[in-house]
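Chemist: This is work-v8.txt, which holds compact mmCIF, N, CA and C atoms and all ligand atoms:
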# COMPACT_ATOMS: atom_id res chain seq x y z
N MET A 1 -39.66 28.06 5.44
CA MET A 1 -38.68 27.10 4.90
C MET A 1 -39.41 26.08 4.06
N ASN A 2 -38.89 25.88 2.88
CA ASN A 2 -39.57 24.99 1.94
C ASN A 2 -38.56 24.03 1.34
N ILE A 3 -38.53 22.84 1.85
CA ILE A 3 -37.57 21.84 1.39
C ILE A 3 -38.25 20.88 0.43
N SER A 4 -37.66 20.70 -0.71
CA SER A 4 -38.26 19.79 -1.68
C SER A 4 -38.16 18.35 -1.18
N ARG A 5 -38.94 17.49 -1.81
CA ARG A 5 -38.92 16.09 -1.39
C ARG A 5 -37.53 15.48 -1.59
N ASP A 6 -36.90 15.83 -2.71
CA ASP A 6 -35.56 15.29 -2.97
C ASP A 6 -34.56 15.75 -1.92
N GLN A 7 -34.64 17.03 -1.58
CA GLN A 7 -33.71 17.55 -0.57
C GLN A 7 -33.96 16.88 0.77
N ALA A 8 -35.21 16.71 1.10
CA ALA A 8 -35.54 16.06 2.36
C ALA A 8 -34.98 14.64 2.39
N LYS A 9 -35.09 13.96 1.25
CA LYS A 9 -34.57 12.59 1.18
C LYS A 9 -33.06 12.57 1.36
N VAL A 10 -32.40 13.49 0.69
CA VAL A 10 -30.94 13.55 0.80
C VAL A 10 -30.52 13.80 2.25
N ILE A 11 -31.21 14.73 2.87
CA ILE A 11 -30.88 15.05 4.26
C ILE A 11 -31.13 13.85 5.15
N ARG A 12 -32.24 13.18 4.92
CA ARG A 12 -32.56 12.02 5.74
C ARG A 12 -31.53 10.91 5.52
N ASP A 13 -31.19 10.67 4.26
CA ASP A 13 -30.19 9.65 3.96
C ASP A 13 -28.86 9.98 4.62
N LEU A 14 -28.53 11.25 4.58
CA LEU A 14 -27.27 11.69 5.16
C LEU A 14 -27.27 11.45 6.66
N LEU A 15 -28.36 11.78 7.30
CA LEU A 15 -28.46 11.56 8.74
C LEU A 15 -28.38 10.08 9.07
N VAL A 16 -29.13 9.29 8.33
CA VAL A 16 -29.13 7.85 8.57
C VAL A 16 -27.74 7.28 8.34
N SER A 17 -27.13 7.66 7.24
CA SER A 17 -25.86 7.05 6.91
C SER A 17 -24.76 7.48 7.87
N THR A 18 -24.80 8.71 8.33
CA THR A 18 -23.76 9.13 9.25
C THR A 18 -23.94 8.48 10.60
N GLN A 19 -25.17 8.17 10.93
CA GLN A 19 -25.40 7.50 12.21
C GLN A 19 -25.04 6.03 12.15
N SER A 20 -25.42 5.39 11.07
CA SER A 20 -25.34 3.94 11.06
C SER A 20 -24.04 3.40 10.46
N GLN A 21 -23.46 4.17 9.57
CA GLN A 21 -22.24 3.65 8.95
C GLN A 21 -21.25 4.76 8.67
N GLU A 22 -20.81 5.35 9.70
CA GLU A 22 -19.79 6.36 9.54
C GLU A 22 -18.56 5.69 8.92
N LEU A 23 -17.96 6.40 8.00
CA LEU A 23 -16.77 5.84 7.36
C LEU A 23 -15.65 5.69 8.36
N ASN A 24 -14.97 4.60 8.30
CA ASN A 24 -13.72 4.55 9.05
C ASN A 24 -12.58 4.93 8.10
N CYS A 25 -11.40 5.05 8.65
CA CYS A 25 -10.30 5.59 7.85
C CYS A 25 -9.95 4.69 6.68
N ASN A 26 -10.00 3.37 6.86
CA ASN A 26 -9.68 2.48 5.75
C ASN A 26 -10.68 2.63 4.61
N GLU A 27 -11.94 2.74 4.97
CA GLU A 27 -12.97 2.91 3.94
C GLU A 27 -12.78 4.24 3.22
N LEU A 28 -12.41 5.23 3.98
CA LEU A 28 -12.18 6.53 3.37
C LEU A 28 -11.04 6.46 2.36
N LEU A 29 -9.97 5.80 2.74
CA LEU A 29 -8.82 5.75 1.84
C LEU A 29 -9.14 4.98 0.57
N ASP A 30 -10.09 4.05 0.66
CA ASP A 30 -10.55 3.36 -0.55
C ASP A 30 -11.24 4.31 -1.53
N LYS A 31 -11.87 5.32 -0.99
CA LYS A 31 -12.71 6.20 -1.82
C LYS A 31 -12.05 7.53 -2.12
N ILE A 32 -10.92 7.78 -1.52
CA ILE A 32 -10.40 9.14 -1.60
C ILE A 32 -9.96 9.49 -3.03
N GLY A 33 -9.48 8.49 -3.76
CA GLY A 33 -9.10 8.75 -5.15
C GLY A 33 -10.31 9.17 -5.97
N GLU A 34 -11.41 8.47 -5.75
CA GLU A 34 -12.66 8.80 -6.44
C GLU A 34 -13.12 10.20 -6.05
N TYR A 35 -13.01 10.48 -4.77
CA TYR A 35 -13.42 11.80 -4.28
C TYR A 35 -12.63 12.91 -4.96
N VAL A 36 -11.32 12.74 -5.02
CA VAL A 36 -10.47 13.76 -5.64
C VAL A 36 -10.84 13.92 -7.11
N GLU A 37 -11.08 12.80 -7.79
CA GLU A 37 -11.43 12.87 -9.22
C GLU A 37 -12.74 13.61 -9.44
N VAL A 38 -13.74 13.31 -8.63
CA VAL A 38 -15.04 13.96 -8.79
C VAL A 38 -14.92 15.44 -8.46
N GLU A 39 -14.20 15.73 -7.40
CA GLU A 39 -14.03 17.13 -7.02
C GLU A 39 -13.31 17.89 -8.13
N LYS A 40 -12.31 17.24 -8.69
CA LYS A 40 -11.53 17.85 -9.76
C LYS A 40 -12.40 18.10 -11.00
N SER A 41 -13.29 17.19 -11.28
CA SER A 41 -14.13 17.30 -12.46
C SER A 41 -15.24 18.33 -12.27
N GLY A 42 -15.49 18.71 -11.02
CA GLY A 42 -16.54 19.68 -10.75
C GLY A 42 -17.93 19.07 -10.71
N GLU A 43 -17.99 17.73 -10.75
CA GLU A 43 -19.29 17.08 -10.68
C GLU A 43 -19.83 17.12 -9.25
N THR A 44 -21.13 16.87 -9.16
CA THR A 44 -21.75 16.86 -7.84
C THR A 44 -21.29 15.62 -7.07
N LEU A 45 -20.99 15.81 -5.81
CA LEU A 45 -20.58 14.69 -4.98
C LEU A 45 -21.78 13.79 -4.70
N SER A 46 -21.56 12.50 -4.81
CA SER A 46 -22.58 11.55 -4.39
C SER A 46 -22.69 11.58 -2.87
N LEU A 47 -23.73 10.97 -2.38
CA LEU A 47 -23.91 10.90 -0.93
C LEU A 47 -22.68 10.27 -0.27
N GLU A 48 -22.20 9.22 -0.91
CA GLU A 48 -21.03 8.53 -0.37
C GLU A 48 -19.82 9.47 -0.30
N LEU A 49 -19.66 10.25 -1.36
CA LEU A 49 -18.52 11.17 -1.39
C LEU A 49 -18.73 12.36 -0.46
N GLU A 50 -19.99 12.69 -0.20
CA GLU A 50 -20.25 13.70 0.83
C GLU A 50 -19.77 13.19 2.19
N MET A 51 -19.93 11.90 2.38
CA MET A 51 -19.45 11.30 3.63
C MET A 51 -17.93 11.36 3.72
N VAL A 52 -17.29 11.17 2.56
CA VAL A 52 -15.83 11.30 2.51
C VAL A 52 -15.44 12.72 2.90
N LYS A 53 -16.14 13.66 2.31
CA LYS A 53 -15.85 15.06 2.60
C LYS A 53 -16.03 15.35 4.09
N GLN A 54 -17.09 14.83 4.64
CA GLN A 54 -17.35 15.05 6.05
C GLN A 54 -16.23 14.43 6.90
N HIS A 55 -15.84 13.23 6.54
CA HIS A 55 -14.78 12.57 7.29
C HIS A 55 -13.49 13.39 7.22
N LEU A 56 -13.20 13.91 6.05
CA LEU A 56 -11.99 14.72 5.90
C LEU A 56 -12.01 15.94 6.81
N SER A 57 -13.21 16.48 7.02
CA SER A 57 -13.31 17.67 7.86
C SER A 57 -13.14 17.33 9.34
N LEU A 58 -13.29 16.05 9.63
CA LEU A 58 -13.24 15.63 11.04
C LEU A 58 -11.96 14.90 11.40
N CYS A 59 -11.28 14.37 10.39
CA CYS A 59 -10.17 13.46 10.66
C CYS A 59 -8.89 14.04 10.08
N ARG A 60 -8.02 14.45 10.92
CA ARG A 60 -6.80 15.11 10.48
C ARG A 60 -5.91 14.17 9.66
N GLU A 61 -5.82 12.94 10.08
CA GLU A 61 -4.94 11.99 9.36
C GLU A 61 -5.39 11.79 7.92
N CYS A 62 -6.68 11.61 7.74
CA CYS A 62 -7.19 11.41 6.39
C CYS A 62 -7.09 12.70 5.59
N GLU A 63 -7.30 13.80 6.25
CA GLU A 63 -7.17 15.08 5.58
C GLU A 63 -5.75 15.25 5.04
N GLU A 64 -4.78 14.82 5.82
CA GLU A 64 -3.39 14.91 5.35
C GLU A 64 -3.15 13.99 4.15
N GLU A 65 -3.75 12.80 4.19
CA GLU A 65 -3.66 11.89 3.05
C GLU A 65 -4.27 12.52 1.80
N TYR A 66 -5.40 13.14 2.03
CA TYR A 66 -6.10 13.81 0.94
C TYR A 66 -5.23 14.92 0.35
N GLN A 67 -4.67 15.75 1.22
CA GLN A 67 -3.82 16.84 0.73
C GLN A 67 -2.62 16.30 -0.04
N ALA A 68 -2.05 15.22 0.46
CA ALA A 68 -0.90 14.62 -0.21
C ALA A 68 -1.29 14.12 -1.60
N LEU A 69 -2.47 13.53 -1.69
CA LEU A 69 -2.94 13.01 -2.97
C LEU A 69 -3.22 14.16 -3.94
N VAL A 70 -3.86 15.18 -3.44
CA VAL A 70 -4.15 16.35 -4.27
C VAL A 70 -2.85 16.94 -4.80
N THR A 71 -1.89 17.06 -3.92
CA THR A 71 -0.59 17.60 -4.32
C THR A 71 0.05 16.71 -5.38
N ALA A 72 -0.02 15.41 -5.16
CA ALA A 72 0.58 14.46 -6.09
C ALA A 72 -0.07 14.54 -7.47
N LEU A 73 -1.34 14.81 -7.49
CA LEU A 73 -2.06 14.90 -8.76
C LEU A 73 -1.96 16.28 -9.39
N GLY A 74 -1.38 17.21 -8.64
CA GLY A 74 -1.26 18.56 -9.17
C GLY A 74 -2.58 19.28 -9.31
N HIS A 75 -3.51 18.84 -8.49
CA HIS A 75 -4.88 19.36 -8.58
C HIS A 75 -4.92 20.88 -8.42
N PHE A 76 -4.16 21.39 -7.49
CA PHE A 76 -4.26 22.80 -7.18
C PHE A 76 -3.07 23.60 -7.69
N VAL A 77 -2.34 23.02 -8.61
CA VAL A 77 -1.23 23.76 -9.18
C VAL A 77 -1.74 25.04 -9.82
N GLY A 78 -1.12 26.14 -9.47
CA GLY A 78 -1.54 27.42 -10.02
C GLY A 78 -2.68 28.04 -9.26
N GLU A 79 -3.23 27.29 -8.32
CA GLU A 79 -4.37 27.79 -7.58
C GLU A 79 -4.00 28.01 -6.13
N ASP A 80 -3.23 27.07 -5.61
CA ASP A 80 -2.86 27.13 -4.20
C ASP A 80 -1.34 27.21 -4.13
N LEU A 81 -0.85 28.38 -4.00
CA LEU A 81 0.59 28.57 -3.96
C LEU A 81 1.11 28.66 -2.54
N GLY A 82 0.26 28.32 -1.61
CA GLY A 82 0.69 28.22 -0.23
C GLY A 82 0.85 29.57 0.46
N GLU A 83 0.27 30.58 -0.11
CA GLU A 83 0.32 31.87 0.59
C GLU A 83 -0.65 31.84 1.74
N ASP A 84 -0.18 32.26 2.86
CA ASP A 84 -1.06 32.38 4.02
C ASP A 84 -0.22 32.56 5.27
ZN ZN B 101 -9.85 9.17 8.97
Show how you would write the structure in this file as structure tokens.

Modeler:
Amino acid sequence: MNISRDQAKVIRDLLVSTQSQELNCNELLDKIGEYVEVEKSGETLSLELEMVKQHLSLCRECEEEYQALVTALGHFVGEDLGED
């Protein structure tokens, strides 16, 4: 296994940040618009937005807010037709 210095730093920052300042739901909702925009643009998520993503995977309420926002923005129109 060969992890570059940058990757190691990102991983360390991620560990530190998730331990010391996990996002709460209010903080997440402040950033969720930015998260959707970056995701939509296809740009790389910042560390902060990675935390948003992680929170969404753990928090059903915020995930629902996220889905509602995505729907409102038409982000997945033509992509997610709800088949399943
Ligand atoms: Zn939440």

Chemist: When the cut-off is 5 Å and you count only N, CA and C atoms and all ligand atoms, which residues lie near ligand ZN 101 (chain B), shown as a ChimeraX atom specification?

Modeler: /A:25,59,62

Chemist: Find the distance between atom C of Glu34 in chain A and CA of Leu49 in chain A and write it in Å to one decimal.

Modeler: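 Pair atom C of Glu34 in chain A / CA of Leu49 in chain A returns 7.2 Å.
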
Chemist: How far is it from CA of Met51 in chain A to CA of Gln7 in chain A, in Å with one decimal?

Modeler: 16.1 Å

Chemist: Determine which residues of range 4-68 of chain A receive a DSSP assignment of alpha helix (DSSP H), computed from the backbone, and state them as number ranges by chain.

Modeler: A: 5-20, 25-41, 47-58, 60-68

Chemist: Can you work out the spacing between CA of Gln54 in chain A and CA of Glu27 in chain A in Å, to one decimal?

Modeler: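 Computing it gives 13.1 Å between the two atoms.
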
Chemist: List as a ChimeraX atom specification the protein and nucleic acid residues near Gly33 in chain A, meaning an atom at most 9 Å away when only C-alpha atoms are counted, but skip any in the same chain fewer than 4 places from it.

Modeler: /A:29,37-38,66,69

Chemist: Using all atoms listed in the file, which protein or nucleic acid residues come within 8 Å of Leu47 in chain A? Drop anything in the same chain fewer than 4 positions from it, and give the result as a PyMOL selection string.

Modeler: chain A and resi 10+13-14+51-53

Chemist: Could you give me the centre and size, in Å to one decimal, of an axis-aligned box around all listed atoms of range 47-55 of chain A with 6 Å added on every side, as lines of an AutoDock Vina configuration file?

Modeler:
center_x = -18.7
center_y = 11.9
center_z = 2.5
size_x = 22.4
size_y = 18.8
size_z = 21.7
